[in-house]
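What follows is a set of notes on a single structure, which appears directly below.
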Amino acid sequence: MTLIFLGTFVLALLSSFVLTRYVRDFANSHGLVAVPTQDRHLHSSPLPRLGGVAIFLSFSCCIGLAAFWVLQSHRMHSTFSVKTLLTILGPATMVFLLGVYDDIHGAGPYFKFTVQGLAATMLYMGGLRIVNIPVLLGDHPLPWYIGWLITVVWVLAITNAFNLIDGLDGLAAGSALFSTLVAFVVALLNGPNLVTVMTIALAGAILGFLRFNFNPATIFLGDSGSLFIGFVLSALALEGAQKAPTIVAVAIPVVSFGLPILETSLSIIRRLISGRPVFTADREHIHHKLLQHGMTHRQVVILLYGVSAVFAMLSLFLLWPTGSSLGLVLAVLGIGIWIGVQHLGYLEFGELARVAHRTLNQPQIFVNNLAIRRATEELKVARDYDQVRRILAAAFGSNDFDGFELKFELFPGELVPTDASGPRRSTSSFRWQKAGVNKSSNGSAVWSIALDLLSSANRHRGSLIVHRNYSTRELQLDVNLLTTAFPTALADALDRTLAHSAQVIALPEKDTSLMEAQAG
C-alpha cells in the first residue's frame with residue numbers, strides 16, 4: 001500500500017510540473033491571460049489564470065491509474081469504491097469546467113452558485129451527505145431536506161473559501177496543500193481507502209503546480225483551480241465523515257480549513273456590517289491588510305503558510321478528542337483569531353467593539369436620556385423663567401455635556417427677569433458650566449451643538465448651544481432626544497414665562513456653577 005501512495009504522489013507531482021509548464025506556455029501564446037485592471041489586483045503584468053487545468057488533468061490521470069492499480073489487487077479491492085470515485089469526480093469535473101469558463105469569459109456569482117449547488121446535490125444523491133451533527137444532536141439523524149441543505153451549504157462554503165483567498169501568489173494552493181495533508185493523515189488512520197489515494201494525488205498535483213505559482217508567479221491558479229480544489233476537499237471531508245460519525249468528523253475538516261474559512265467569515269461579516277453587498281470585491285482581505293502593514297508579498301505568503309500549518313496541527317490534535325484536548329484547541333483558536341483580527345485593524349470590528357462598550361454603559365445612557373426626557377416634560381409646565389433655568393441646569397448637570405448657553409430674544413412687551421443690579425436688555429443669555437471644567441478660552445478644545453428654538457407657534461426664540469470638551473470618554477446620551485421634542489418644549493416655555501414675567505425675581509444664593517450673563 002505504501003508503494004501505491006508513494007507512486008501516486010510522485011506521478012501526480014511530476015505530471016503536474018510538466019502540465020503546468022505546458023498550460024502556461026499555451027495560455028501565453030493564445031492570449032489567455034489576466035490583465036491587471038482593478039485596484040485589488042496585485043500583479044503588474046498579464047499572467048495566465050488556467051493553472052487549475054494542469055492540476056485537474058494531473059489529478060484525474062493519477063486517480064485513474066491508481067484505481068486501475070488498486071482494482072488489480074484483491075486485497076485492496078474492498079476498500080476502493082468505484083461508485084464513490086465517480087460520485088466525486090463527476091460533479092468535480094462540472095465545477096472545474098465552470099472555473100475554466102469563468103477564467104476565460106467571466107461568470108456572475110449567482111450562476112456560479114447555481115452550478116456549484118447542482119454539483120453539491122449530486123454529491124448528496126450519491127451518498128456523500130451530512131446526516132447528523134454530533135456536537136448538537138448526538139446520534140439523531142437529520143430530516144433529508146435539512147441534511148441536503150447543510151450539505152449544499154458546506155460544499156459551497158469550502159469551495160468558495162479557497163477561491164476567496166486566491167489573492168497572492170501561491171497562497172490558495174499552499175493553504176490547500178496543508179488541508180490536503182491533514183485529510184490524508186486522517187484517512188490513513190481510518191485505514192487505507194479511496195480518500196487516502198485521492199488526497200495524496202491532490203497533494204502531489206498541488207505541489208507540482210506550486211513550483212510555478214509561488215512568488216513571483218508565472219501562472220495563477222484561477223477559478224478553475226481554486227474552485228476544483230475546494231470542491232474536492234469538501235467532498236473528501238464528506239466521505240471521511242461517513243467513516244467517523246463523531247465530533248472528529250465535524251471538527252477536523254473545519255479546523256484544517258481554518259484559514260479560508262476565517263477569511264470567508266471575516267469578509268461576509270465586514271461587508272454586512274458596512275452595508276456593502278456580500279459579493280463585492282475589495283482590498284481588505286487578510287493578505288491585503290498584511291501588505292498594508294509593510295510586509296512584502298513573499299513575507300505575507302510565508303506567514304499565512306505558517307497560520308495554515310498551525311490550523312493543520314491543531315486539527316490533528318482532535319484525533320484524540322478528550323475534553324482537555326478539545327478545550328485547548330478551542331482556546332488556542334479563539335485567542336489566536338481574536339489577537340490576529342485586532343492587529344489587522346479592521347474598522348468594522350472596531351465599530352463593533354465600540355457598540356459593545358456602549359452596551360455595557362447602557363445603564364448610564366438610560367440615566368442621561370431620562371434626564372433630558374424629564375426636562376422636556378417639566379418645561380411644558382414651567383411657571384417662570386427662573387424655573388426654566390433650574391430645569392436646564394438639572395438636565396445637563398447629570399449628563400456628559402460640560403456646559404450650555406441659552407440665547408433668546410425678547411419681543412415687544414416682554415421683560416427678562418433679572419436681579420436688581422442688572423439692567424433689562426432686548427436680548428439676553430444664560431450660561432451654565434459644570435464646576436471644575438475649563439472653558440475654551442482657557443485653552444481646552446471644545447465642540448458644540450447649536451439647537452434652534454422654534455416654538456409650537458412657529459416663532460423663533462433663539463438658540464441653545466451645548467458644548468463639551470474633547471476627551472476620550474464617550475458621550476453617554478442619545479443626541480436625538482436633544483433635537484426632537486426638547487427644543488420645542490424649551491421655546492414654548494420661554495414664550496410662556498417671558499410673557500408673564502414683568503417683575504424682578506431675586507436669584508437664589510450664589511452658585512459658582514450657575515450664572516447669568518447679559519449680552520448687549
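Scheme for the C-alpha cells: letters A, B, ... for chains in order shown; per-chain residue numbers from 1; ligand numbers from 1 in order shown.
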Spatial neighbours of stretch 201-206 of chain A, 9 Å, only C-alpha atoms, chain gap at least 3 places, as a PyMOL selection string: chain A and resi 5+8-17+54-60+62-63+173-174+176-178+180-181+184+196-198+209-210+229+232
Spatial neighbours of A:Ile302, 12 Å, only C-alpha atoms, chain gap at least 3 places, as a list in words: Leu168, Asp169, Gly170, Leu171, Ala172, Gly174, Ser175, Phe214, Asn215, His287, Leu290, Met295, Thr296, His297, Arg298, Gln299, Tyr305, Gly306, Val307, Ser308 and Ala309 of chain A
Between atom CA of A:Trp338 and atom CA of A:Trp320 - distance in Å to one decimal: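 Going from atom CA of A:Trp320 over to atom CA of A:Trp338, I get 25.4 Å.
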Nearby residues (only C-alpha atoms) at most 12 Å from A:Asn399, same-chain spacing under 6 positions excluded, as number ranges by chain: A: 364-372, 392-393, 434, 466-468, 474-479
Between atom CA of A:Tyr385 and atom CA of A:Gln433 - distance in Å to one decimal: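 For atom CA of A:Gln433 relative to atom CA of A:Tyr385, the distance reads 18.4 Å.
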Interatomic distance (Å, one decimal) between atom CA of A:Thr87 and atom CA of A:Met122: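 Result for atom CA of A:Thr87 versus atom CA of A:Met122: 7.4 Å, one decimal.
Closest approach to A:Glu284 among A:Phe396, A:Phe404, A:Tyr124, A:Tyr346: A:Tyr346, based on only C-alpha atoms.
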Mind checking which residues fall within 8 Å of stretch 97-112 of chain A, counting only C-alpha atoms, ignoring those fewer than 4 positions away in the same chain, and posting them as a PDB file with N, CA, C and O atoms, in the first residue's frame?
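Result file is around-v9.pdb:
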ATOM      1  N   LEU A  32      -4.557  33.958 -23.386  1.00  0.00           N
ATOM      2  CA  LEU A  32      -5.478  33.629 -22.290  1.00  0.00           C
ATOM      3  C   LEU A  32      -4.842  34.051 -20.968  1.00  0.00           C
ATOM      4  O   LEU A  32      -4.424  33.234 -20.140  1.00  0.00           O
ATOM      5  N   ARG A  49      -4.344  32.414 -16.159  1.00  0.00           N
ATOM      6  CA  ARG A  49      -5.100  32.034 -14.964  1.00  0.00           C
ATOM      7  C   ARG A  49      -5.560  30.581 -15.014  1.00  0.00           C
ATOM      8  O   ARG A  49      -6.420  30.194 -14.232  1.00  0.00           O
ATOM      9  N   LEU A  50      -5.047  29.791 -15.912  1.00  0.00           N
ATOM     10  CA  LEU A  50      -5.569  28.447 -16.121  1.00  0.00           C
ATOM     11  C   LEU A  50      -4.734  27.373 -15.434  1.00  0.00           C
ATOM     12  O   LEU A  50      -4.660  26.236 -15.913  1.00  0.00           O
ATOM     13  N   VAL A  53      -6.142  23.856 -14.782  1.00  0.00           N
ATOM     14  CA  VAL A  53      -6.205  22.834 -15.832  1.00  0.00           C
ATOM     15  C   VAL A  53      -5.136  21.779 -15.591  1.00  0.00           C
ATOM     16  O   VAL A  53      -5.396  20.566 -15.694  1.00  0.00           O
ATOM     17  N   THR A  93     -15.744  17.568 -11.912  1.00  0.00           N
ATOM     18  CA  THR A  93     -15.462  17.968 -13.295  1.00  0.00           C
ATOM     19  C   THR A  93     -16.379  19.109 -13.715  1.00  0.00           C
ATOM     20  O   THR A  93     -15.961  20.050 -14.407  1.00  0.00           O
ATOM     21  N   GLN A 116     -22.563  25.223  -8.691  1.00  0.00           N
ATOM     22  CA  GLN A 116     -21.973  24.567  -7.521  1.00  0.00           C
ATOM     23  C   GLN A 116     -23.040  23.882  -6.683  1.00  0.00           C
ATOM     24  O   GLN A 116     -22.799  22.795  -6.123  1.00  0.00           O
ATOM     25  N   GLY A 222      -6.288  30.413 -10.719  1.00  0.00           N
ATOM     26  CA  GLY A 222      -7.548  30.681 -11.396  1.00  0.00           C
ATOM     27  C   GLY A 222      -8.724  30.023 -10.698  1.00  0.00           C
ATOM     28  O   GLY A 222      -8.571  29.184  -9.809  1.00  0.00           O
ATOM     29  N   ASP A 223      -9.923  30.391 -11.127  1.00  0.00           N
ATOM     30  CA  ASP A 223     -11.118  29.765 -10.574  1.00  0.00           C
ATOM     31  C   ASP A 223     -11.179  28.282 -10.935  1.00  0.00           C
ATOM     32  O   ASP A 223     -11.742  27.484 -10.178  1.00  0.00           O
ATOM     33  N   SER A 224     -10.612  27.923 -12.077  1.00  0.00           N
ATOM     34  CA  SER A 224     -10.599  26.509 -12.466  1.00  0.00           C
ATOM     35  C   SER A 224      -9.848  25.667 -11.443  1.00  0.00           C
ATOM     36  O   SER A 224     -10.204  24.502 -11.211  1.00  0.00           O
ATOM     37  N   GLY A 225      -8.839  26.231 -10.813  1.00  0.00           N
ATOM     38  CA  GLY A 225      -8.074  25.506  -9.813  1.00  0.00           C
ATOM     39  C   GLY A 225      -8.632  25.662  -8.417  1.00  0.00           C
ATOM     40  O   GLY A 225      -8.817  24.669  -7.695  1.00  0.00           O
ATOM     41  N   LEU A 227     -11.662  26.617  -7.321  1.00  0.00           N
ATOM     42  CA  LEU A 227     -12.980  26.009  -7.151  1.00  0.00           C
ATOM     43  C   LEU A 227     -12.886  24.478  -7.160  1.00  0.00           C
ATOM     44  O   LEU A 227     -13.544  23.800  -6.374  1.00  0.00           O
ATOM     45  N   PHE A 228     -12.056  23.947  -8.068  1.00  0.00           N
ATOM     46  CA  PHE A 228     -11.905  22.492  -8.147  1.00  0.00           C
ATOM     47  C   PHE A 228     -11.302  21.934  -6.862  1.00  0.00           C
ATOM     48  O   PHE A 228     -11.797  20.952  -6.297  1.00  0.00           O
ATOM     49  N   PHE A 279     -21.066  40.134  -2.224  1.00  0.00           N
ATOM     50  CA  PHE A 279     -20.263  39.653  -3.348  1.00  0.00           C
ATOM     51  C   PHE A 279     -19.354  40.723  -3.943  1.00  0.00           C
ATOM     52  O   PHE A 279     -18.723  40.496  -4.975  1.00  0.00           O
TER      53      PHE A 279
END
Minimum-distance residue to A:Gly294, chosen among A:Leu71, A:Leu344, A:Val388, A:Ala435 (using only C-alpha atoms): A:Leu344
